[in-house]
Amino acid sequence: MWPEIRKHLYQFDSAVLTGLDAGGYPFSVRCRPYPDKSGDGVLMLALPAGTPVRPGPASLLCHKHDENLWNLKSFLVRGSLGHDVGGWSFEPIRFVPGVGIGGLPAIMRFFTSSRRNAARYLEKRGLARPRIPWDEINAVKDEVFSAPDR
Amino acid sequence: MNRSSRSVAKFPPEIEDVFREFRTCETTTLARDGTPITWPTLPFWRPDEGHFMITTSIGLAQKVFNVRREPRVSLLFSNPTASGLENPPAVLVQGDAEAPDEIVTSIEGFEDELRKVYRRQPASRVYSSNLLLRYLMDWYCMRLVIHVTPRRILWWPGGEFWQEPLELEMDCVA
C-alpha cells in the first residue's frame with residue numbers, strides 16, 4: 001500500500017482530507033500531506049488551527065480532471081486521523097484506486113464489476129433489466145453537439 | 001464547531017457561481033464502520049428546490065447504500081478546473097441526503113443536466129455512439145438519485161483554507 005501512496009500522492013498539489021466533526025457530519029479541507037520523518041508509513045498533515053475534525057476514521061482523496069472533464073485520475077486512502085503535540089497525522093489503512101490508475105486491466109475490471117453489480121442490484125429486487133431510451137439520449141446529444149455556440 | 005466562523009446573512013453570488021460552474025465536488029458519505037468515503041462527483045444545484053442532486057449508476061451504488069444507512073454527508077467544492085471562475089472560494093456544504101430506491105432511466109426532468117454533462121464532458125458522447133457500447137454501458141444509464149439538503153454552508157474566500165471560513169445563515173438557502 002505505501003509504495004502506491006508514494007507513487008501517486010505526489011502527482012497532486014494537494015489532497016482532500018475528510019474527518020468527522022462534533023456533530024458527526026463529514027468535514028473536508030484541502031491540505032498537503034507529507035511523510036513522517038521516521039518513515040514508518042504515516043503522513044503528517046498541516047491543518048489550520050481550529051479545523052473541527054476529530055481524531056478517528058478519516059480519508060484522503062486526490063483527484064484531477066482536465067478542462068473537458070476528461071483525463072480523470074483519482075484515488076482514496078482510508079485511514080485514521082491522529083492528533084498530539086506533534087500535530088495532525090494520518091495513518092493509512094487501505095489504498096483504493098479510482099479512475100485513471102492501473103491502466104487497461106483496471107478499466108476492464110471496472111466495467112465488468114460495475115456491470116455485475118448492476119445485475120445483482122436488479123436481481124435482489126426482482127427487477128427486469130430496464131430499457132434505456134437511447135433515442136431520447138441521442139436526441140439531446142445531437143442537440144448539444146449540433147449547436148453552433150456549443 | 002470549535003473553529004469560530006463568521007456568519008453571513010445574505011447568499012453571496014460567488015457561492016452560487018461555484019455551485020453552478022464547478023465541474024466536480026468532493027462528495028463524502030459514511031461507510032458502515034464510520035469512515036468518511038470521499039469521491040469526486042458531478043453536482044447539480046437546484047436552487048428552486050433548495051437541494052443538490054447527484055446521481056450514480058446502480059453498478060456503482062455504494063454511496064447510495066451509505067446514504068440510506070447514514071444520511072449525514074458533505075460536498076466540498078475545491079477544484080475550480082474548467083469552471084472559468086477567477087479566484088473562487090472553496091465551499092463546504094454539510095447536509096442530509098436521501099436516496100430513494102427508484103431506478104431512473106428516463107431523461108424526463110433531467111434534460112438540462114444531461115445537456116450540461118455533454119457540454120462539459122464532450123467525450124462522454126462515445127458511450128451511446130454504437131450498438132456494442134450501448135450494450136456494454138447500459139448499466140451506467142440505470143441511475144439512482146441522491147438529494148442533498150444543505151444544513152450548513154462554509155466557505156473560504158479565494159480557496160485559502162488557512163483563513164477563517166465564513167458561514168452562511170441557513171435561512172438564506174432557498
# chains A, B, ... in the order shown; residues from 1 in each chain; ligands from 1
$ residues_around --residues "Asn117 in chain A" --least-positions-apart "5" --cutoff "12 Å" --atoms "only C-alpha atoms" --output "list in words"
Arg109, Phe110, Phe111, Thr112, Leu122, Glu123 and Lys124 of chain A; Ser57, Ile58, Gly59, Leu60, Ala61, Gln62, Trp139, Tyr140 and Met142 of chain B
$ select_by_dssp --residues "range 39-122 of chain A" --states "strand (DSSP E)" --output "count of residues only"
37
$ select_by_dssp --residues "chain A" --states "helix (DSSP H, G or I)" --output "PyMOL selection string"
chain A and resi 2-9+103-124+134-146
$ residues_around --residues "Ala147 in chain A" --least-positions-apart "3" --cutoff "12 Å" --atoms "only C-alpha atoms" --output "MDAnalysis selection string"
(chainID A and resid 140:144 150) or (chainID B and resid 115 118:119)
$ interface_residues --of "chain A" --to "chain B" --cutoff "6 Å" --atoms "only C-alpha atoms" --output "PyMOL selection string"
chain A and resi 25-26+48+50+52+57-58+67-69+114-115+117-118+132
$ residues_around --residues "range 8-12 of chain A" --least-positions-apart "4" --cutoff "12 Å" --atoms "only C-alpha atoms" --output "number ranges by chain"
A: 1-4, 16, 30-35, 43, 60-65, 73-77, 95-98, 100-102; B: 79
$ write_last_selection --atoms "C-alpha atoms" --output "CSV table (one decimal), in the first residue's frame"
chain,number,residue,atom,x,y,z
A,1,MET,CA,0.0,0.0,0.0
A,2,TRP,CA,2.7,2.5,1.0
A,3,PRO,CA,4.5,2.3,-2.4
A,4,GLU,CA,1.3,3.0,-4.2
A,16,VAL,CA,-8.8,16.5,0.4
A,30,ARG,CA,-7.6,20.7,1.4
A,31,CYS,CA,-4.1,20.0,2.7
A,32,ARG,CA,-0.7,18.9,1.6
A,33,PRO,CA,0.3,15.6,3.3
A,34,TYR,CA,3.9,14.9,3.8
A,35,PRO,CA,5.7,11.7,5.0
A,43,LEU,CA,1.5,11.0,6.7
A,60,LEU,CA,-7.6,11.3,1.9
A,61,LEU,CA,-8.8,11.9,-1.7
A,62,CYS,CA,-6.7,13.1,-4.6
A,63,HIS,CA,-8.4,13.8,-7.9
A,64,LYS,CA,-8.0,15.8,-11.1
A,65,HIS,CA,-9.5,16.3,-14.5
A,73,LYS,CA,-7.4,10.5,-12.1
A,74,SER,CA,-8.3,9.7,-8.6
A,75,PHE,CA,-7.5,7.6,-5.6
A,76,LEU,CA,-8.7,7.4,-2.0
A,77,VAL,CA,-6.7,6.4,1.1
A,95,PHE,CA,-5.4,2.4,-0.8
A,96,VAL,CA,-8.4,2.5,-3.1
A,97,PRO,CA,-7.6,3.2,-6.7
A,98,GLY,CA,-10.1,5.3,-8.6
A,100,GLY,CA,-7.0,6.6,-14.2
A,101,ILE,CA,-5.0,4.3,-12.1
A,102,GLY,CA,-4.0,0.8,-13.2
B,79,ASN,CA,-11.3,22.1,-7.6
$ atom_distance --atom1 "CA of Asp48 in chain B" --atom2 "CA of Arg143 in chain B"
22.2 Å
$ residues_around --residues "range 78-81 of chain A" --least-positions-apart "2" --cutoff "6 Å" --atoms "only C-alpha atoms" --output "list in words"
Pro55, Gly56, Pro57, Ala58, Ser59, Ser89, Phe90, Glu91, Pro92, Ile93 and Arg94 of chain A
$ closest_residue --among "A:Arg54, A:Ser38, A:Ile5, A:Gly24" --to "His83 in chain A" --atoms "only C-alpha atoms"
A:Arg54
$ atom_distance --atom1 "CA of Val126 in chain B" --atom2 "CA of Ser146 in chain A"
15.3 Å
$ atom_distance --atom1 "CA of Arg120 in chain A" --atom2 "CA of Pro43 in chain B"
26.3 Å
$ residues_around --residues "Arg6 in chain B" --least-positions-apart "6" --cutoff "10 Å" --atoms "only C-alpha atoms" --output "PDB file with N, CA and C atoms, in the first residue's frame"
ATOM      1  N   LEU B 154     -20.187  26.557   4.569  1.00  0.00           N
ATOM      2  CA  LEU B 154     -18.988  27.320   4.949  1.00  0.00           C
ATOM      3  C   LEU B 154     -18.179  27.590   3.690  1.00  0.00           C
ATOM      4  N   TRP B 155     -17.473  28.698   3.663  1.00  0.00           N
ATOM      5  CA  TRP B 155     -16.571  28.899   2.530  1.00  0.00           C
ATOM      6  C   TRP B 155     -15.334  29.670   2.931  1.00  0.00           C
ATOM      7  N   GLU B 164      -9.916  31.979   8.198  1.00  0.00           N
ATOM      8  CA  GLU B 164     -11.111  31.575   8.933  1.00  0.00           C
ATOM      9  C   GLU B 164     -12.273  31.506   7.935  1.00  0.00           C
ATOM     10  N   PRO B 165     -13.034  30.399   7.927  1.00  0.00           N
ATOM     11  CA  PRO B 165     -14.128  30.314   6.956  1.00  0.00           C
ATOM     12  C   PRO B 165     -15.295  31.217   7.319  1.00  0.00           C
ATOM     13  N   LEU B 166     -16.062  31.574   6.309  1.00  0.00           N
ATOM     14  CA  LEU B 166     -17.319  32.285   6.517  1.00  0.00           C
ATOM     15  C   LEU B 166     -18.431  31.251   6.542  1.00  0.00           C
ATOM     16  N   GLU B 167     -19.491  31.582   7.228  1.00  0.00           N
ATOM     17  CA  GLU B 167     -20.607  30.635   7.304  1.00  0.00           C
ATOM     18  C   GLU B 167     -21.911  31.334   6.953  1.00  0.00           C
ATOM     19  N   LEU B 168     -22.719  30.650   6.152  1.00  0.00           N
ATOM     20  CA  LEU B 168     -23.992  31.213   5.726  1.00  0.00           C
ATOM     21  C   LEU B 168     -25.088  30.885   6.728  1.00  0.00           C
ATOM     22  N   GLU B 169     -25.873  31.887   7.059  1.00  0.00           N
ATOM     23  CA  GLU B 169     -27.051  31.601   7.876  1.00  0.00           C
ATOM     24  C   GLU B 169     -28.032  30.828   7.015  1.00  0.00           C
TER      25      GLU B 169
END
$ closest_residue --among "B:Val67, B:Leu85, B:Leu133, B:Met53" --to "Glu98 in chain B" --atoms "only C-alpha atoms"
B:Val67
$ closest_residue --among "B:Pro12, B:Pro157, B:Val64, B:Leu131" --to "Asn87 in chain B" --atoms "only C-alpha atoms"
B:Pro157
$ closest_residue --among "B:Ile54, B:Leu42, B:Pro89, B:Ala31" --to "Pro13 in chain B" --atoms "only C-alpha atoms"
B:Pro89
